[in-house]
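A.B. asks: Before I ask anything, let me first share the structure, which is written out below as structure tokens.
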Amino acid sequence: MEKAKYFQQLRDTLVLTKSMVQEHLIPLNENQLNERSNNSTWSVGHCIEHINLYNRYYIQAIEKAILLADKDVPAIVKHTWLGRKSIQSIHPSNQKKQKTFKRMDPTLRHENYTKVVLNHFFRSQETLLELINRAELCNFNKKLVPIEFLKILKLNIAETLEFILAHQQRHVNQAVNLVAAINPKE
């Protein structure tokens with residue numbers, strides 16, 4: 001895909017995800033952030049904390065990759081086989097449940113979330129927007145970003161940004177659906 005169009009799509013996805021959180025999750029009180037429909041599901045707080053955990057890893061990895069990438073900016077974004085498969089597996093349109101690695105499982109960390117979890121989310125969105133803008137100015141097709149659960153495998157910078165944004169979208173959708181299930185409109 002052509003570079004400018006691809007990076008604009010990333011920005012649009014980020015803005016859409018932020019607006020969903022602002023509209024549906026910011027109005028929640030702390031009890032609603034922590035409410036679960038049953039013991040096997042996550043709360044809204046769990047969904048956002050899970051996003052935050054992944055963002056902490058990938059923001060650092062992408063920053064490092066951008067610094068290491070040369071400044072020979074390609075005109076076309078190329079996806080690797082691994083990148084396509086990773087994005088497809090986590091994309092919101094894929095309804096198949098994914099197993100969460102223990103170190104990224106928010107249920108093993110906290111049970112009571114405050115609005116701080118949402119503040120962390122919004123700070124990471126600002127950083128991701130900066131990274132999207134910086135990535136557009138380097139060789140974003142370089143495979144420099146280690147996958148969190150198996151660091152020997154690497155994605156290129158562009159597809160890593162797409163992966164993390166799809167991951168966010170998936171879990172924000174999950175949180176919004178949870179709010180709708182717990183608090184159905186009269």
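We label chains A, B, ... in the order they appear in the structure tokens, count residues from 1 in each chain, and number ligands from 1 in the order shown.
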Excluding same-chain residues fewer than 3 positions from Phe122 of chain A, what lies within 12 Å of it counting only C-alpha atoms, as a list in words?

C.D. replies: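 The contact residues come out as Leu14, Val15, Thr17, Lys18, Ser19, Met20, Val21, Gln22, Leu25, Ile26, Ile48, Glu49, Ile51, Asn52, Asn55, Lys115, Val116, Val117, Leu118, Asn119, Gln125, Glu126, Thr127, Leu128, Leu129 and Gln168 of chain A.
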
A.B. asks: Residues at most 12 Å from Gln95 of chain A, counting only C-alpha atoms, excluding those fewer than 6 positions away in the same chain, as number ranges by chain?

C.D. replies: A: 88-89, 170-171, 173-174

A.B. asks: Using Å and a single decimal, report how far atom CA of Pro92 of chain A sits from atom CA of Thr114 of chain A.

C.D. replies: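 Between atom CA of Thr114 of chain A and atom CA of Pro92 of chain A the gap is 25.6 Å.
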
A.B. asks: In Å, how far is it from atom CA of Tyr58 of chain A to atom CA of Val73 of chain A?

C.D. replies: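 Going from atom CA of Tyr58 of chain A over to atom CA of Val73 of chain A covers 21.5 Å.
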
A.B. asks: Tell me, which residues of segment 7-142 of chain A carry DSSP helix (DSSP H, G or I), written as a count of residues only?

C.D. replies: 84

A.B. asks: Report, in Å to a single decimal, how far apart atom CA of Ile164 of chain A and atom CA of Lys143 of chain A are.

C.D. replies: 15.4 Å

A.B. asks: Give me the residues near Leu137 of chain A as a PyMOL selection string, where near means some atom within 9 Å (using only C-alpha atoms) and where sequence neighbours in that chain fewer than 2 positions away do not count.

C.D. replies: chain A and resi 71-73+133-135+139-140

A.B. asks: Which of these, A:Lys78, A:Arg36, A:His24, A:Arg56, has the shortest distance to Lys3 of chain A once you count only C-alpha atoms?

C.D. replies: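 The answer is A:Lys78, which sits nearest to Lys3 of chain A.
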
A.B. asks: Taking 5 positions as the minimum chain separation for residues in the same chain, which residues sit within 8 Å of His91 of chain A when counting only C-alpha atoms? Answer as a PDB file with C-alpha atoms, in the first residue's frame.

C.D. replies:
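Result went into around_7.pdb, see below:
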```pdb
ATOM      1  CA  PHE A 163      -0.732  -4.826  14.921  1.00  0.00           C
ATOM      2  CA  ALA A 166      -5.691  -3.645  15.832  1.00  0.00           C
ATOM      3  CA  HIS A 167      -4.999  -5.133  19.263  1.00  0.00           C
ATOM      4  CA  GLN A 169      -9.348  -1.876  18.740  1.00  0.00           C
ATOM      5  CA  ARG A 170     -10.136  -5.485  19.600  1.00  0.00           C
TER       6      ARG A 170
END
```

A.B. asks: Fewer than 3 positions away in the same chain doesn't count, so skip those; otherwise give me all residues within 9 Å of Lys142 of chain A, counting only C-alpha atoms, as a JSON list (two decimals) with N, CA and C atoms, in the first residue's frame.

C.D. replies:
```
[["chain", "number", "residue", "atom", "x", "y", "z"],
["A", 65, "ALA", "N", 13.39, 0.71, 17.35],
["A", 65, "ALA", "CA", 13.47, 0.35, 15.94],
["A", 65, "ALA", "C", 13.57, 1.58, 15.05],
["A", 69, "ALA", "N", 16.48, 2.32, 12.39],
["A", 69, "ALA", "CA", 16.13, 2.25, 10.97],
["A", 69, "ALA", "C", 16.86, 3.35, 10.20],
["A", 70, "ASP", "N", 17.24, 3.01, 8.97],
["A", 70, "ASP", "CA", 17.87, 4.05, 8.14],
["A", 70, "ASP", "C", 16.80, 5.02, 7.65],
["A", 139, "ASN", "N", 12.84, 4.06, 7.30],
["A", 139, "ASN", "CA", 12.57, 2.84, 6.55],
["A", 139, "ASN", "C", 11.70, 1.92, 7.40],
["A", 145, "VAL", "N", 11.42, -4.98, 14.98],
["A", 145, "VAL", "CA", 10.63, -4.99, 16.21],
["A", 145, "VAL", "C", 10.38, -6.43, 16.65],
["A", 155, "LEU", "N", 8.89, -8.17, 13.45],
["A", 155, "LEU", "CA", 7.99, -7.56, 12.48],
["A", 155, "LEU", "C", 8.63, -6.26, 12.01],
["A", 156, "ASN", "N", 8.19, -5.78, 10.87],
["A", 156, "ASN", "CA", 8.69, -4.47, 10.47],
["A", 156, "ASN", "C", 7.94, -3.39, 11.24],
["A", 157, "ILE", "N", 8.45, -2.19, 11.20],
["A", 157, "ILE", "CA", 7.91, -1.10, 12.01],
["A", 157, "ILE", "C", 6.45, -0.80, 11.64],
["A", 158, "ALA", "N", 6.15, -0.72, 10.35],
["A", 158, "ALA", "CA", 4.79, -0.39, 9.91],
["A", 158, "ALA", "C", 3.78, -1.43, 10.37]]
```

A.B. asks: Tell me which protein, DNA and RNA residues are within 9 Å of Val179 of chain A, counting only C-alpha atoms, leaving out same-chain ones fewer than 5 positions away, and put them as a PDB file with all heavy atoms, in the first residue's frame.

C.D. replies:
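result19.pdb, written as the output of this step:
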```pdb
ATOM      1  N   HIS A  24     -17.553   5.933  25.504  1.00  0.00           N
ATOM      2  CA  HIS A  24     -18.171   4.813  26.226  1.00  0.00           C
ATOM      3  C   HIS A  24     -17.536   4.472  27.568  1.00  0.00           C
ATOM      4  O   HIS A  24     -18.215   3.914  28.435  1.00  0.00           O
ATOM      5  CB  HIS A  24     -18.158   3.555  25.343  1.00  0.00           C
ATOM      6  CG  HIS A  24     -18.917   3.710  24.073  1.00  0.00           C
ATOM      7  ND1 HIS A  24     -20.295   3.673  24.007  1.00  0.00           N
ATOM      8  CD2 HIS A  24     -18.491   3.922  22.803  1.00  0.00           C
ATOM      9  CE1 HIS A  24     -20.688   3.839  22.764  1.00  0.00           C
ATOM     10  NE2 HIS A  24     -19.613   3.996  22.010  1.00  0.00           N
ATOM     11  N   LEU A  25     -16.251   4.768  27.748  1.00  0.00           N
ATOM     12  CA  LEU A  25     -15.578   4.299  28.958  1.00  0.00           C
ATOM     13  C   LEU A  25     -15.258   5.402  29.959  1.00  0.00           C
ATOM     14  O   LEU A  25     -15.296   5.171  31.167  1.00  0.00           O
ATOM     15  CB  LEU A  25     -14.297   3.535  28.582  1.00  0.00           C
ATOM     16  CG  LEU A  25     -14.484   2.386  27.567  1.00  0.00           C
ATOM     17  CD1 LEU A  25     -13.182   1.651  27.349  1.00  0.00           C
ATOM     18  CD2 LEU A  25     -15.589   1.434  27.988  1.00  0.00           C
ATOM     19  N   LEU A  28     -17.702   6.039  32.866  1.00  0.00           N
ATOM     20  CA  LEU A  28     -17.907   4.997  33.873  1.00  0.00           C
ATOM     21  C   LEU A  28     -17.320   5.411  35.221  1.00  0.00           C
ATOM     22  O   LEU A  28     -16.279   6.049  35.294  1.00  0.00           O
ATOM     23  CB  LEU A  28     -17.249   3.689  33.423  1.00  0.00           C
ATOM     24  CG  LEU A  28     -17.731   3.085  32.106  1.00  0.00           C
ATOM     25  CD1 LEU A  28     -16.938   1.824  31.794  1.00  0.00           C
ATOM     26  CD2 LEU A  28     -19.222   2.796  32.145  1.00  0.00           C
ATOM     27  N   GLN A  32     -18.148   0.507  37.878  1.00  0.00           N
ATOM     28  CA  GLN A  32     -18.423   0.041  36.518  1.00  0.00           C
ATOM     29  C   GLN A  32     -17.147  -0.397  35.803  1.00  0.00           C
ATOM     30  O   GLN A  32     -17.176  -1.343  35.005  1.00  0.00           O
ATOM     31  CB  GLN A  32     -19.130   1.135  35.723  1.00  0.00           C
ATOM     32  CG  GLN A  32     -20.535   1.427  36.219  1.00  0.00           C
ATOM     33  CD  GLN A  32     -21.103   2.688  35.616  1.00  0.00           C
ATOM     34  OE1 GLN A  32     -20.433   3.715  35.555  1.00  0.00           O
ATOM     35  NE2 GLN A  32     -22.356   2.611  35.167  1.00  0.00           N
ATOM     36  N   LEU A  33     -16.024   0.275  36.078  1.00  0.00           N
ATOM     37  CA  LEU A  33     -14.739  -0.130  35.494  1.00  0.00           C
ATOM     38  C   LEU A  33     -14.361  -1.548  35.908  1.00  0.00           C
ATOM     39  O   LEU A  33     -13.684  -2.258  35.172  1.00  0.00           O
ATOM     40  CB  LEU A  33     -13.618   0.802  35.952  1.00  0.00           C
ATOM     41  CG  LEU A  33     -13.301   2.028  35.146  1.00  0.00           C
ATOM     42  CD1 LEU A  33     -12.175   2.807  35.809  1.00  0.00           C
ATOM     43  CD2 LEU A  33     -12.957   1.705  33.719  1.00  0.00           C
ATOM     44  N   GLU A  35     -16.589  -4.000  37.091  1.00  0.00           N
ATOM     45  CA  GLU A  35     -17.670  -4.974  37.028  1.00  0.00           C
ATOM     46  C   GLU A  35     -17.413  -6.003  35.926  1.00  0.00           C
ATOM     47  O   GLU A  35     -16.965  -5.668  34.838  1.00  0.00           O
ATOM     48  CB  GLU A  35     -18.997  -4.247  36.771  1.00  0.00           C
ATOM     49  CG  GLU A  35     -20.197  -5.117  37.001  1.00  0.00           C
ATOM     50  CD  GLU A  35     -21.490  -4.322  36.987  1.00  0.00           C
ATOM     51  OE1 GLU A  35     -21.449  -3.075  36.944  1.00  0.00           O
ATOM     52  OE2 GLU A  35     -22.548  -4.964  37.019  1.00  0.00           O
ATOM     53  N   SER A  43     -13.134  -7.407  33.171  1.00  0.00           N
ATOM     54  CA  SER A  43     -13.840  -6.139  33.371  1.00  0.00           C
ATOM     55  C   SER A  43     -13.332  -5.138  32.335  1.00  0.00           C
ATOM     56  O   SER A  43     -12.345  -5.401  31.626  1.00  0.00           O
ATOM     57  CB  SER A  43     -13.568  -5.611  34.780  1.00  0.00           C
ATOM     58  OG  SER A  43     -12.194  -5.238  34.894  1.00  0.00           O
ATOM     59  N   VAL A  44     -13.970  -3.972  32.278  1.00  0.00           N
ATOM     60  CA  VAL A  44     -13.484  -2.892  31.411  1.00  0.00           C
ATOM     61  C   VAL A  44     -12.052  -2.530  31.827  1.00  0.00           C
ATOM     62  O   VAL A  44     -11.176  -2.355  30.977  1.00  0.00           O
ATOM     63  CB  VAL A  44     -14.417  -1.659  31.490  1.00  0.00           C
ATOM     64  CG1 VAL A  44     -13.792  -0.456  30.808  1.00  0.00           C
ATOM     65  CG2 VAL A  44     -15.776  -1.986  30.895  1.00  0.00           C
ATOM     66  N   GLN A 174     -14.218  -4.999  22.971  1.00  0.00           N
ATOM     67  CA  GLN A 174     -14.585  -5.933  24.032  1.00  0.00           C
ATOM     68  C   GLN A 174     -15.118  -5.167  25.244  1.00  0.00           C
ATOM     69  O   GLN A 174     -16.149  -5.536  25.821  1.00  0.00           O
ATOM     70  CB  GLN A 174     -13.358  -6.765  24.417  1.00  0.00           C
ATOM     71  CG  GLN A 174     -13.587  -7.752  25.535  1.00  0.00           C
ATOM     72  CD  GLN A 174     -12.294  -8.479  25.936  1.00  0.00           C
ATOM     73  OE1 GLN A 174     -11.230  -8.265  25.368  1.00  0.00           O
ATOM     74  NE2 GLN A 174     -12.403  -9.335  26.929  1.00  0.00           N
ATOM     75  N   PRO A 184     -27.508  -2.529  30.085  1.00  0.00           N
ATOM     76  CA  PRO A 184     -28.333  -2.356  28.881  1.00  0.00           C
ATOM     77  C   PRO A 184     -29.194  -1.103  28.998  1.00  0.00           C
ATOM     78  O   PRO A 184     -29.674  -0.764  30.075  1.00  0.00           O
ATOM     79  CB  PRO A 184     -29.195  -3.632  28.862  1.00  0.00           C
ATOM     80  CG  PRO A 184     -29.122  -4.203  30.226  1.00  0.00           C
ATOM     81  CD  PRO A 184     -27.878  -3.686  30.873  1.00  0.00           C
TER      82      PRO A 184
END
```

A.B. asks: Out of A:Asn39, A:Tyr54, A:Asn141, A:Pro27, which residue has the shortest atom-to-atom distance to Phe121 of chain A when counting only C-alpha atoms?

C.D. replies: A:Tyr54

A.B. asks: Could you check which of A:Asn94, A:Thr160, A:Ser124, A:Asn38 is closest to Ile66 of chain A, using only C-alpha atoms?

C.D. replies: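 Checking each candidate against Ile66 of chain A, we get A:Thr160 as the closest.
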